[in-house]
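This report refers to the structure that appears directly beneath it.
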There are 4 protein chains.
Amino acid sequence: MRKTIIGVMGPGDTASQKDRENAFALGKLIASNGWVLLSGGGCKGAMDAVNKGAKSANGLTVGILFANDHLDLSEAVDIAIVSGMGSARNNINVLSSDVVIACGLAAGTASEICLTLKAEKHVVILNDNELSKPFFTDLGKDLTHIAKDPQDAIEQVKRILASVKEPASAAK
Amino acid sequence: MRKTIIGVMGPGDTASQKDRENAFALGKLIASNGWVLLSGGGCKGAMDAVNKGAKSANGLTVGILFANDHLDLSEAVDIAIVSGMGSARNNINVLSSDVVIACGLAAGTASEICLTLKAEKHVVILNDNELSKPFFTDLGKDLTHIAKDPQDAIEQVKRILASVKEPASAAK
Amino acid sequence: MRKTIIGVMGPGDTASQKDRENAFALGKLIASNGWVLLSGGGCKGAMDAVNKGAKSANGLTVGILFANDHLDLSEAVDIAIVSGMGSARNNINVLSSDVVIACGLAAGTASEICLTLKAEKHVVILNDNELSKPFFTDLGKDLTHIAKDPQDAIEQVKRILASVKEPASAAK
Amino acid sequence: MRKTIIGVMGPGDTASQKDRENAFALGKLIASNGWVLLSGGGCKGAMDAVNKGAKSANGLTVGILFANDHLDLSEAVDIAIVSGMGSARNNINVLSSDVVIACGLAAGTASEICLTLKAEKHVVILNDNELSKPFFTDLGKDLTHIAKDPQDAIEQVKRILASVKEPASAAK
């Protein structure tokens, strides 16, 4: 039986210290809830921190890599999926996640929020970019959820999972 | 020698009448300038209108289809590329375009703006979504250009093409 | 109205002199018949030769590139589609072609023959690898066609196009 | 630290009884060796059987799905990656696997053997298609390995893993 997957998308190089702290906390909470963590798998920024957070709570971590090798893989990723397709893999990240959390914001992360909405799936946004919140709320309507901190993000994920009738077939 | 490709991304079903008019005008201007038009190739909304505009000026039109067949293909597309990969094809749209114009706004179009910025390429935005303009300007900095109408969008494309030293190898 | 696209797949670096000659002849014949040529777009071997052949007869050439830039693009490609997804683009090559011709043989070309058969589309094989012919005939049954030279390959393409009821929507 | 992933590719609908038995045995042996199983994730044929075999030995199973939903997912898959990109996902299967085993043969499986060789990675072939063995041996040279039964396939995987200097970064 497939496991519930929570995707956390976030910047690599350009992540702030706050983004990394939030990502670590999210990873830890995701693992504590028994969910599998899925991310872009990189060895920097929010991508690296969320995997380290999940491993700190003995979680299982999946990384869908941008590149066609393992050179930029976070050492905290258990299952490395080598996409070899660059940013086109962002769509796989969102299709494979029961719920997507966007932690921090850069162009790649923003594309993942948009692709989640395009797939008619729920996204929880956690960042301090004040322009992004009204923009994505307007774009996604009921599918966009704004979180004030990692704990709040996880509470929203729980509510979303409970509202989806068939969580095991939620991805479209 | 490869031809210059201008990508126009825009909504299908949810395009407004204004979006369709702008898309038709953009297609016509792109063809008049001797550029190849690239789009998502669909038979509705801005995607359909931009191809019809280009054909009205005897342009060459390329559509990169979402689906794995030709069922939703605009009749004004000359070259249909069947991606079979859903929204992941959005990244191919932007990588293949020398400059991207986003005409109208929905989740898929917004993902293409983000993917253009992620690829460090220029995007010209033409819509009446007032939340989108400060958001994408902040996200993309010098790579984001706001247009007030189709003619202005094309003038900006010309300036961008002129500023790129090697337009024939501009895509990254 | 979309144009008929004939895909020619073949090796780059490892193409033989005979492969290159066959590819050039195929490109010329495809253009002479008024079809669009689609290939992997590379600047070497059969990929380069087929595009040069098509341009020698004033054809229109489309290349679906392996890489995320134009560095390895054949100078005889008019429309460069930048996939950025490596060998995964092989599936786009076959889905976008009304009929696929495999000219020469290497691992990438062989994957394209297999993907064509997987998509339940017709493939014409032109090479001197005697192990490949019984193997692909057994694998593809009525979908596999063996050609003895470029002219024969084109005659087989004509028969296949005539047998497909709706050539404008043949790709699956 | 990433786990070693062994990919098993094989037919769905068209798998023989022998293919399914071999796949089940392979899955069980992969799990017994502490490796993660990766497959196409489908609910039929060799794809389903290999996952059931791995779960019978308490293994961890990853499925990279052809579709954009979970409808055809094997119930024995733990981690479902929803590619939404059809057969183009075959390249992800091979790039993500430290070693690929092809169990049974159909067009999709054959494409995965070819893509493995294209990526310059090792593939172990287990089937009773006598045309396939000389063909793939000629195509792949030292990268192609023919197995006589599941136990032999696993012994060959062990030798390949031992010969690769850096198994944790073997995928290209």
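The chains in the structure tokens are called A, B, ... from first to last as shown; in each chain the residues are counted from 1, and the ligands are counted from 1 in the order shown.
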
Residues of chain B near chain C: apply a cut-off of 9 Å, count only C-alpha atoms, and supply the list as a PyMOL selection string.
-> chain B and resi 1-5+36+62+67-71+73-85+89+91-97+168-172

Within 7 Å of Ile146 in chain D, counting only C-alpha atoms, which residues show up once you throw out same-chain ones fewer than 5 positions away? Write them as a VMD selection string, please.
-> chain D and resid 124 to 126

Would you export the selected residues with all heavy atoms as a PDB file, in the first residue's frame, please?
```
ATOM      1  N   VAL D 124      21.148  -6.369 -16.975  1.00  0.00           N
ATOM      2  CA  VAL D 124      21.103  -7.834 -16.905  1.00  0.00           C
ATOM      3  C   VAL D 124      19.786  -8.279 -17.532  1.00  0.00           C
ATOM      4  O   VAL D 124      18.713  -7.795 -17.134  1.00  0.00           O
ATOM      5  CB  VAL D 124      21.192  -8.323 -15.440  1.00  0.00           C
ATOM      6  CG1 VAL D 124      21.108  -9.849 -15.380  1.00  0.00           C
ATOM      7  CG2 VAL D 124      22.475  -7.819 -14.787  1.00  0.00           C
ATOM      8  N   ILE D 125      19.871  -9.195 -18.497  1.00  0.00           N
ATOM      9  CA  ILE D 125      18.705  -9.609 -19.278  1.00  0.00           C
ATOM     10  C   ILE D 125      18.293 -11.018 -18.905  1.00  0.00           C
ATOM     11  O   ILE D 125      19.112 -11.934 -18.922  1.00  0.00           O
ATOM     12  CB  ILE D 125      19.039  -9.497 -20.786  1.00  0.00           C
ATOM     13  CG1 ILE D 125      19.208  -8.011 -21.147  1.00  0.00           C
ATOM     14  CG2 ILE D 125      17.965 -10.162 -21.635  1.00  0.00           C
ATOM     15  CD1 ILE D 125      19.644  -7.765 -22.579  1.00  0.00           C
ATOM     16  N   LEU D 126      17.013 -11.168 -18.561  1.00  0.00           N
ATOM     17  CA  LEU D 126      16.463 -12.474 -18.181  1.00  0.00           C
ATOM     18  C   LEU D 126      15.161 -12.688 -18.935  1.00  0.00           C
ATOM     19  O   LEU D 126      14.125 -12.117 -18.568  1.00  0.00           O
ATOM     20  CB  LEU D 126      16.216 -12.503 -16.659  1.00  0.00           C
ATOM     21  CG  LEU D 126      15.529 -13.751 -16.083  1.00  0.00           C
ATOM     22  CD1 LEU D 126      16.361 -15.007 -16.333  1.00  0.00           C
ATOM     23  CD2 LEU D 126      15.281 -13.564 -14.588  1.00  0.00           C
TER      24      LEU D 126
END
```

From D:Leu139, D:Asp98, D:Val123, D:Ser16, residue lying nearest Ala110 in chain C [only C-alpha atoms] =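 Going through D:Leu139, D:Asp98, D:Val123, D:Ser16 one by one, the smallest distance to Ala110 in chain C is for D:Leu139.
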
Residue list (alpha helix (DSSP H), DSSP) for range 66-131 of chain C, as a PyMOL selection string = chain C and resi 90-96+107-118

In chain C, DSSP strand (DSSP E or B) residues written as a PyMOL selection string | chain C and resi 5-9+36-39+42+61-65+73+79-82+99-103+123-126+144-146
